[in-house]
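As structure tokens, the structure follows; a few thoughts come after it.
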Amino acid sequence: MALIKKFRIKKFKDQNALLKLDKISMFYNKRQILNSLDLIINKQEILGMLGPNGVGKSTIFHIITGLKNPSFGKVLINGIDCTNIPIYERATKFRIGYVPQHGGFIQDLTLHQNLYLVGEIHIKEKEIRNMKIQKIISQFEFDPLLGIKAKYLSGGQKKKLVIAMALINDPSILLLDEPFAALDILTIKMLQEIIVNLQSIDKITVVVCDHQARDLLSCVDRAIVLSNGKIIASGSPDEIIKDASARSAYFGDEFKIN
Ligand SMILES: Nc1ncnc2c1ncn2[C@@H]1O[C@H](COP(=O)(O)OP(=O)(O)O)[C@@H](O)[C@H]1O
Ligand SMILES: [Mg+2]
């Protein structure tokens with residue numbers, strides 16, 4: 001397992017866009033949540049999205065996956081406009097993996113059955129499907145948990161299961177919505193290692209959001225801060241915590257790492 005650095009320092013000098021949000025605006029009824037938001041996510045980057053509760057982080061994930069349509073603006077993946085492509089087609093064609101904040105698995109199926117369910121949807125060839133599921137079982141050390149119903153798994157085990165389910169389709173981009181919420185420190189460290197390994201070993205682009213900065217900043221290459229429907233700061237973890245706008249709108253004056 002890769003070690004978590006205090007700050008990840010990988011730089012993306014040559015911008016190599018995998019995903020682009022182009023002037024995305026979002027209204028719920030008449031209330032504006034996102035205001036002409038532009039964002040580029042580079043291939044194999046781990047991007048952190050920070051911002052207070054209710055700022056629109058989950059809405060951004062829903063717009064990327066197609067669960068919601070933006071009021072204005074476009075979603076481009078590999079330069080292709082996929083704003084009007086429906087959820088399933090978008091997930092399959094552009095290999096988008098999504099781990100929602102809550103749920104994402106079937107409570108009354110065992111861990112193994114949950115993996116199979118997704119495997120059967122995505123991989124037609126039985127042998128290839130079995131090999132993929134077996135690879136994921138060993139990667140996540142699931143052997144002792146296979147027969148346990150998902151509802152009886154611990155919070156961390158449930159989160160690992162949903163990440164594993166998202167990996168069956170070999171995503172090129174994985175979206176993680178507040179993966180560290182309500183977990184203990186050791187489980188958070190384990191998930192941070194999984195995230196870093198997904199980037200370095202599996203070459204997956206990862207976008208992770210949280211309303212708390214500390215756990216997120218120790219495993220991302222770059223972070224953005226959202227406020228009032230806009231990105232108000234973007235940079236490496238140590239750049240972003242020094243950013244004056246980010247401090248005044250989100251971190252506060254007292255914020256320090258360690
Ligand atoms: N379906 C909806 N209808 C109306 N308002 C919504 C809906 N979904 C989210 N919102 C509102 O949009 C804002 C952003 O929500 P969300 O993206 O869930 O924020 P975050 O994930 O950053 O906490 C919140 O104020 C929320 O109440
Ligand atoms: Mg949310």
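Within each chain, counting starts at residue 1; across the structure tokens, chains are named A, B, ... in the order shown, with ligands numbered 1 upward in that order.
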
Close residues to ligand 2 using only C-alpha atoms and all ligand atoms, limit 9 Å, as a short mmCIF file (atom, residue, chain, number, x, y, z; two decimals) with N, CA and C atoms, in the first residue's frame:
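Contents of selection.cif, as written:
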```cif
data_model
loop_
_atom_site.label_atom_id
_atom_site.label_comp_id
_atom_site.auth_asym_id
_atom_site.auth_seq_id
_atom_site.Cartn_x
_atom_site.Cartn_y
_atom_site.Cartn_z
N ASN A 53 -21.65 22.48 3.61
CA ASN A 53 -22.86 21.73 3.31
C ASN A 53 -23.82 22.59 2.51
N GLY A 54 -24.39 22.01 1.46
CA GLY A 54 -25.42 22.71 0.70
C GLY A 54 -24.87 23.60 -0.41
N VAL A 55 -23.53 23.59 -0.61
CA VAL A 55 -22.95 24.49 -1.61
C VAL A 55 -23.16 23.97 -3.04
N GLY A 56 -23.36 22.64 -3.18
CA GLY A 56 -23.61 22.09 -4.52
C GLY A 56 -22.65 20.99 -4.95
N LYS A 57 -21.92 20.40 -4.01
CA LYS A 57 -20.94 19.36 -4.37
C LYS A 57 -21.64 18.13 -4.95
N SER A 58 -22.66 17.64 -4.25
CA SER A 58 -23.37 16.45 -4.76
C SER A 58 -24.06 16.77 -6.07
N THR A 59 -24.57 17.99 -6.18
CA THR A 59 -25.23 18.40 -7.44
C THR A 59 -24.24 18.31 -8.60
N PHE A 61 -21.71 16.24 -8.87
CA PHE A 61 -21.58 14.81 -9.20
C PHE A 61 -22.81 14.32 -9.98
N PRO A 100 -22.02 7.10 -4.19
CA PRO A 100 -22.84 8.11 -3.51
C PRO A 100 -22.50 8.19 -2.03
N GLN A 101 -22.92 9.28 -1.40
CA GLN A 101 -22.61 9.43 0.03
C GLN A 101 -23.29 8.34 0.86
N ASP A 177 -18.45 10.71 -3.20
CA ASP A 177 -19.19 11.76 -2.49
C ASP A 177 -19.05 11.58 -0.97
N GLU A 178 -18.29 12.44 -0.36
CA GLU A 178 -18.02 12.43 1.09
C GLU A 178 -17.72 11.02 1.63
N CYS A 209 -15.22 14.59 -2.84
CA CYS A 209 -15.67 15.84 -2.22
C CYS A 209 -15.90 15.63 -0.73
N ASP A 210 -15.85 16.71 0.01
CA ASP A 210 -16.09 16.65 1.45
C ASP A 210 -16.42 18.05 1.94
N HIS A 211 -17.16 18.14 3.03
CA HIS A 211 -17.36 19.48 3.58
C HIS A 211 -16.31 19.79 4.64
#
```

What's around Gly97 (chain A) at 9 Å? Count only C-alpha atoms, leave out sequence neighbours fewer than 2 positions away in its own chain, and write the answer as a PyMOL selection string.
chain A and resi 65+91+95+99+163+165-176

Could you write out the selected residues, including N, CA and C atoms, as an mmCIF file, in the first residue's frame?
```
data_model
loop_
_atom_site.group_PDB
_atom_site.id
_atom_site.type_symbol
_atom_site.label_atom_id
_atom_site.label_comp_id
_atom_site.auth_asym_id
_atom_site.auth_seq_id
_atom_site.Cartn_x
_atom_site.Cartn_y
_atom_site.Cartn_z
ATOM 1 N N THR A 65 -22.724 12.618 -13.701
ATOM 2 C CA THR A 65 -23.234 11.263 -14.004
ATOM 3 C C THR A 65 -24.464 11.300 -14.902
ATOM 4 N N ALA A 91 -22.464 6.265 -18.288
ATOM 5 C CA ALA A 91 -21.594 5.513 -17.373
ATOM 6 C C ALA A 91 -20.808 4.452 -18.127
ATOM 7 N N ARG A 95 -17.187 5.383 -19.065
ATOM 8 C CA ARG A 95 -16.631 4.671 -17.895
ATOM 9 C C ARG A 95 -16.546 5.584 -16.664
ATOM 10 N N VAL A 99 -19.661 6.753 -6.433
ATOM 11 C CA VAL A 99 -19.907 6.239 -5.077
ATOM 12 C C VAL A 99 -20.698 7.303 -4.319
ATOM 13 N N ILE A 163 -17.202 1.193 -3.340
ATOM 14 C CA ILE A 163 -16.067 1.542 -4.217
ATOM 15 C C ILE A 163 -15.755 0.344 -5.127
ATOM 16 N N MET A 165 -17.756 -2.019 -6.086
ATOM 17 C CA MET A 165 -18.819 -2.164 -7.092
ATOM 18 C C MET A 165 -18.603 -1.180 -8.244
ATOM 19 N N ALA A 166 -18.136 0.020 -7.896
ATOM 20 C CA ALA A 166 -17.903 1.033 -8.935
ATOM 21 C C ALA A 166 -16.707 0.662 -9.816
ATOM 22 N N LEU A 167 -15.792 -0.189 -9.296
ATOM 23 C CA LEU A 167 -14.579 -0.519 -10.058
ATOM 24 C C LEU A 167 -14.792 -1.651 -11.055
ATOM 25 N N ILE A 168 -15.900 -2.374 -10.910
ATOM 26 C CA ILE A 168 -16.128 -3.538 -11.781
ATOM 27 C C ILE A 168 -16.200 -3.129 -13.251
ATOM 28 N N ASN A 169 -16.689 -1.939 -13.492
ATOM 29 C CA ASN A 169 -16.814 -1.435 -14.864
ATOM 30 C C ASN A 169 -15.522 -0.777 -15.368
ATOM 31 N N ASP A 170 -14.387 -0.996 -14.652
ATOM 32 C CA ASP A 170 -13.110 -0.368 -15.036
ATOM 33 C C ASP A 170 -13.269 1.114 -15.327
ATOM 34 N N PRO A 171 -13.682 1.910 -14.344
ATOM 35 C CA PRO A 171 -13.930 3.322 -14.635
ATOM 36 C C PRO A 171 -12.644 4.057 -15.013
ATOM 37 N N SER A 172 -12.809 5.073 -15.875
ATOM 38 C CA SER A 172 -11.655 5.944 -16.108
ATOM 39 C C SER A 172 -11.713 7.094 -15.111
ATOM 40 N N ILE A 173 -12.927 7.371 -14.616
ATOM 41 C CA ILE A 173 -13.060 8.410 -13.596
ATOM 42 C C ILE A 173 -13.982 7.905 -12.490
ATOM 43 N N LEU A 174 -13.565 8.142 -11.249
ATOM 44 C CA LEU A 174 -14.344 7.680 -10.106
ATOM 45 C C LEU A 174 -14.727 8.884 -9.250
ATOM 46 N N LEU A 175 -16.025 9.018 -8.984
ATOM 47 C CA LEU A 175 -16.529 10.138 -8.186
ATOM 48 C C LEU A 175 -16.899 9.635 -6.801
ATOM 49 N N LEU A 176 -16.310 10.228 -5.780
ATOM 50 C CA LEU A 176 -16.567 9.778 -4.403
ATOM 51 C C LEU A 176 -17.211 10.915 -3.615
#
```

Within 9 Å of Gly119 (chain A) using only C-alpha atoms, minus same-chain residues under 3 positions, as a list in words
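Once the nearby chain positions are removed, what remains is Asn114, Leu115, Tyr116, His122, Ile123, Lys124, Arg129, Asn130, Lys132, Ile133, Met165, Ile168 and Asn169 of chain A.
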
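Minimum distance to ligand 1 across A:Gln32, A:Ser154, A:Ser234, A:Asn84 (counting only C-alpha atoms and all ligand atoms) occurs at A:Gln32.
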
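Shortest atom-to-atom contact with Lys135 (chain A) among A:Lys68, A:Ile201, A:Ala164, A:Ile24: A:Ala164, counting only C-alpha atoms.
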
Produce a table with one row for each residue of region 83-125 of chain A that has an atom at most 8 Å from any atom of region 142-150 of chain A, each row naming the nearest atom pair and its distance in Å at one decimal; use only C-alpha atoms; arrange rows by chain and rising residue number; format as a tab-separated table.
```
residue	atom	partner	partner_atom	distance
A:Phe105	CA	A:Ala150	CA	7.3
A:Ile106	CA	A:Ala150	CA	6.8
A:Gln107	CA	A:Ala150	CA	5.0
A:Asp108	CA	A:Lys149	CA	5.6
A:Leu109	CA	A:Lys149	CA	5.3
A:Thr110	CA	A:Lys149	CA	3.8
A:Leu111	CA	A:Leu146	CA	5.1
A:His112	CA	A:Leu146	CA	4.8
A:Asn114	CA	A:Ala150	CA	7.9
```

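Checking A:Asn228, A:Gln134, A:Gln44, A:Gln113 one by one against ligand 1, counting only C-alpha atoms and all ligand atoms, you find the shortest gap at A:Asn228.
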
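Take CA of Ser36 (chain A) and CA of Val208 (chain A): the distance between them is 20.9 Å.
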
What's the separation between CA of Lys256 (chain A) and CA of Arg214 (chain A), in Å to one decimal place?
8.8 Å

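Take CA of Met49 (chain A) and CA of Ile224 (chain A): the distance between them is 5.1 Å.
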
Out of A:Val196, A:Leu226, A:Ile128, A:Ile204, which residue has the shortest atom-to-atom distance to ligand 1 when counting only C-alpha atoms and all ligand atoms?
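Smallest separation from ligand 1 among the options: A:Leu226.
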
DSSP on the backbone: which residues in region 10-250 of chain A end up as strand (DSSP E)? Give the answer as a PyMOL selection string.
chain A and resi 17-28+31-42+46-50+72-77+80-81+96-99+173-177+205-210+222-227+230-235

Among the residues A:Ser200, A:Gln212, A:Asn42, A:Gln139, the one that comes closest to ligand 1 [using only C-alpha atoms and all ligand atoms]
A:Gln212

Please identify the alpha helix (DSSP H) residues within region 7-233 of chain A (assignment by DSSP from backbone atoms) and present them as number ranges by chain.
A: 57-65, 87-93, 111-122, 126-139, 155-167, 185-200, 213-217

Given the choices A:Ile240, A:Ala182, A:Ile40, A:Leu34, which gets closest to ligand 1 if the distance is worked out from only C-alpha atoms and all ligand atoms?
A:Leu34

Which polymer residues have any atom within 12 Å of an atom of Asp81 (chain A), counting only C-alpha atoms, with same-chain residues fewer than 6 positions away left out, as a VMD selection string?
chain A and resid 18 to 22 64 73 to 75 90 94

Using only N, CA and C atoms, please write the residues we just selected to a file, as a tab-separated table (two decimals), in the first residue's frame.
```tsv
chain	number	residue	atom	x	y	z
A	18	LEU	N	-9.67	15.29	-18.87
A	18	LEU	CA	-10.53	14.13	-19.06
A	18	LEU	C	-11.98	14.61	-19.03
A	19	LEU	N	-12.25	15.49	-18.06
A	19	LEU	CA	-13.62	15.96	-17.89
A	19	LEU	C	-13.64	17.48	-17.82
A	20	LYS	N	-14.60	18.05	-18.51
A	20	LYS	CA	-14.70	19.51	-18.50
A	20	LYS	C	-16.14	19.92	-18.22
A	21	LEU	N	-16.32	20.75	-17.23
A	21	LEU	CA	-17.62	21.37	-17.02
A	21	LEU	C	-17.53	22.76	-17.62
A	22	ASP	N	-18.44	23.06	-18.54
A	22	ASP	CA	-18.35	24.29	-19.30
A	22	ASP	C	-19.55	25.18	-18.96
A	64	ILE	N	-22.48	15.42	-13.49
A	64	ILE	CA	-21.47	14.65	-14.24
A	64	ILE	C	-22.03	13.27	-14.63
A	73	GLY	N	-25.26	25.06	-19.68
A	73	GLY	CA	-23.87	24.60	-19.71
A	73	GLY	C	-23.74	23.17	-20.20
A	74	LYS	N	-22.48	22.75	-20.33
A	74	LYS	CA	-22.19	21.45	-20.94
A	74	LYS	C	-21.25	20.62	-20.08
A	75	VAL	N	-21.40	19.29	-20.21
A	75	VAL	CA	-20.45	18.35	-19.61
A	75	VAL	C	-19.71	17.67	-20.76
A	90	ARG	N	-24.08	6.89	-20.50
A	90	ARG	CA	-22.94	7.75	-20.15
A	90	ARG	C	-21.93	6.99	-19.27
A	94	PHE	N	-18.49	6.25	-21.21
A	94	PHE	CA	-17.39	7.10	-20.75
A	94	PHE	C	-16.74	6.56	-19.48
```

Could you list, as a ChimeraX atom specification, every residue within 7 Å of Val220 (chain A), counting only C-alpha atoms and ignoring same-chain residues fewer than 2 positions away?
/A:8,46-48,216-218,222-223
